[in-house]
Amino acid sequence: MEEEKTFQHESVEDKDSIVKYLQTLSEGFRKRRLEFQSGQEQIVLEPTGLIQVEIKVKNRSRKSKISLKFTWKDQPARRKDRHLTIQSSHD
């Protein structure tokens, strides 16, 4: 069983940086590969199949918040040598 990996990053960014992050996330989903790195921390995700999307938005006086959450189950790599063969005997 593989160990659990976590990654967390927090910073204050300008809106142009946020746009670049969102574009990179979009491209990563399109290519099915997302790489995150901050200092020595790194994690690579390969989203496949159906992805659950959760969006939460809060707006209070003087503070707004958007939370995006994407969840999926990793698909095991298919082995090319595993295939089904069915034969029938001729009488």
# chains A, B, ... in the order shown; residues from 1 in each chain; ligands from 1
$ residues_around --residues "A:Gln42" --least-positions-apart "4" --cutoff "12 Å" --atoms "only C-alpha atoms" --output "list in words"
Lys5, Thr6, Phe7, Gln8, His9, Leu34, Glu35, Phe36, Gln37 and Ser38 of chain A
$ residues_around --residues "stretch 19-30 of chain A" --least-positions-apart "4" --cutoff "12 Å" --atoms "only C-alpha atoms" --output "MDAnalysis selection string"
chainID A and resid 13:15 34:36 44:51 68 70 72
$ write_last_selection --atoms "C-alpha atoms" --output "PDB file, in the first residue's frame"
ATOM      1  CA  GLU A  13      -0.834  36.754  -4.875  1.00  0.00           C
ATOM      2  CA  ASP A  14      -2.015  39.402  -7.310  1.00  0.00           C
ATOM      3  CA  LYS A  15      -4.893  38.661  -9.676  1.00  0.00           C
ATOM      4  CA  LEU A  34      -0.959  18.128 -12.415  1.00  0.00           C
ATOM      5  CA  GLU A  35       2.405  18.866 -10.801  1.00  0.00           C
ATOM      6  CA  PHE A  36       2.650  20.915  -7.610  1.00  0.00           C
ATOM      7  CA  VAL A  44       2.086  14.779  -9.029  1.00  0.00           C
ATOM      8  CA  LEU A  45      -1.552  13.917  -9.691  1.00  0.00           C
ATOM      9  CA  GLU A  46      -3.009  12.218 -12.753  1.00  0.00           C
ATOM     10  CA  PRO A  47      -6.753  12.921 -12.881  1.00  0.00           C
ATOM     11  CA  THR A  48      -8.752  10.408 -14.917  1.00  0.00           C
ATOM     12  CA  GLY A  49     -12.343   9.250 -15.200  1.00  0.00           C
ATOM     13  CA  LEU A  50     -15.168  11.189 -13.640  1.00  0.00           C
ATOM     14  CA  ILE A  51     -14.200  14.069 -11.367  1.00  0.00           C
ATOM     15  CA  LEU A  68     -12.682  24.844  -5.407  1.00  0.00           C
ATOM     16  CA  PHE A  70     -11.853  18.365  -7.256  1.00  0.00           C
ATOM     17  CA  TRP A  72     -11.483  11.510  -8.195  1.00  0.00           C
TER      18      TRP A  72
END
$ select_by_dssp --residues "chain A" --states "helix (DSSP H, G or I)" --output "list in words"
Lys15, Asp16, Ser17, Ile18, Val19, Lys20, Tyr21, Leu22, Gln23, Thr24, Leu25, Ser26, Glu27, Gly28, Phe29, Arg30 and Lys31 of chain A
$ decode --residues "stretch 31-72 of chain A" --atoms "C-alpha atoms" --output "short mmCIF file (atom, residue, chain, number, x, y, z; two decimals), in the first residue's frame"
data_model
loop_
_atom_site.label_atom_id
_atom_site.label_comp_id
_atom_site.auth_asym_id
_atom_site.auth_seq_id
_atom_site.Cartn_x
_atom_site.Cartn_y
_atom_site.Cartn_z
CA LYS A 31 -3.29 16.79 -20.18
CA ARG A 32 -4.26 14.56 -17.21
CA ARG A 33 -1.20 15.56 -15.21
CA LEU A 34 -0.96 18.13 -12.41
CA GLU A 35 2.41 18.87 -10.80
CA PHE A 36 2.65 20.92 -7.61
CA GLN A 37 5.93 22.06 -6.07
CA SER A 38 6.88 24.49 -3.34
CA GLY A 39 10.40 24.32 -1.94
CA GLN A 40 11.21 20.64 -1.34
CA GLU A 41 7.56 19.57 -1.35
CA GLN A 42 6.26 18.05 -4.57
CA ILE A 43 3.26 15.98 -5.62
CA VAL A 44 2.09 14.78 -9.03
CA LEU A 45 -1.55 13.92 -9.69
CA GLU A 46 -3.01 12.22 -12.75
CA PRO A 47 -6.75 12.92 -12.88
CA THR A 48 -8.75 10.41 -14.92
CA GLY A 49 -12.34 9.25 -15.20
CA LEU A 50 -15.17 11.19 -13.64
CA ILE A 51 -14.20 14.07 -11.37
CA GLN A 52 -16.43 15.40 -8.60
CA VAL A 53 -16.46 19.20 -8.49
CA GLU A 54 -17.40 21.26 -5.43
CA ILE A 55 -17.55 25.05 -5.53
CA LYS A 56 -18.23 27.16 -2.43
CA VAL A 57 -18.55 30.93 -2.49
CA LYS A 58 -18.90 33.26 0.51
CA ASN A 59 -19.31 37.00 0.48
CA ARG A 60 -19.28 38.93 3.72
CA SER A 61 -18.69 42.57 4.30
CA ARG A 62 -15.10 43.29 3.27
CA LYS A 63 -14.12 39.64 2.70
CA SER A 64 -14.96 37.16 -0.06
CA LYS A 65 -13.93 33.54 -0.50
CA ILE A 66 -14.04 30.96 -3.30
CA SER A 67 -13.19 27.33 -2.59
CA LEU A 68 -12.68 24.84 -5.41
CA LYS A 69 -12.46 21.13 -4.71
CA PHE A 70 -11.85 18.37 -7.26
CA THR A 71 -12.04 14.71 -6.21
CA TRP A 72 -11.48 11.51 -8.20
#
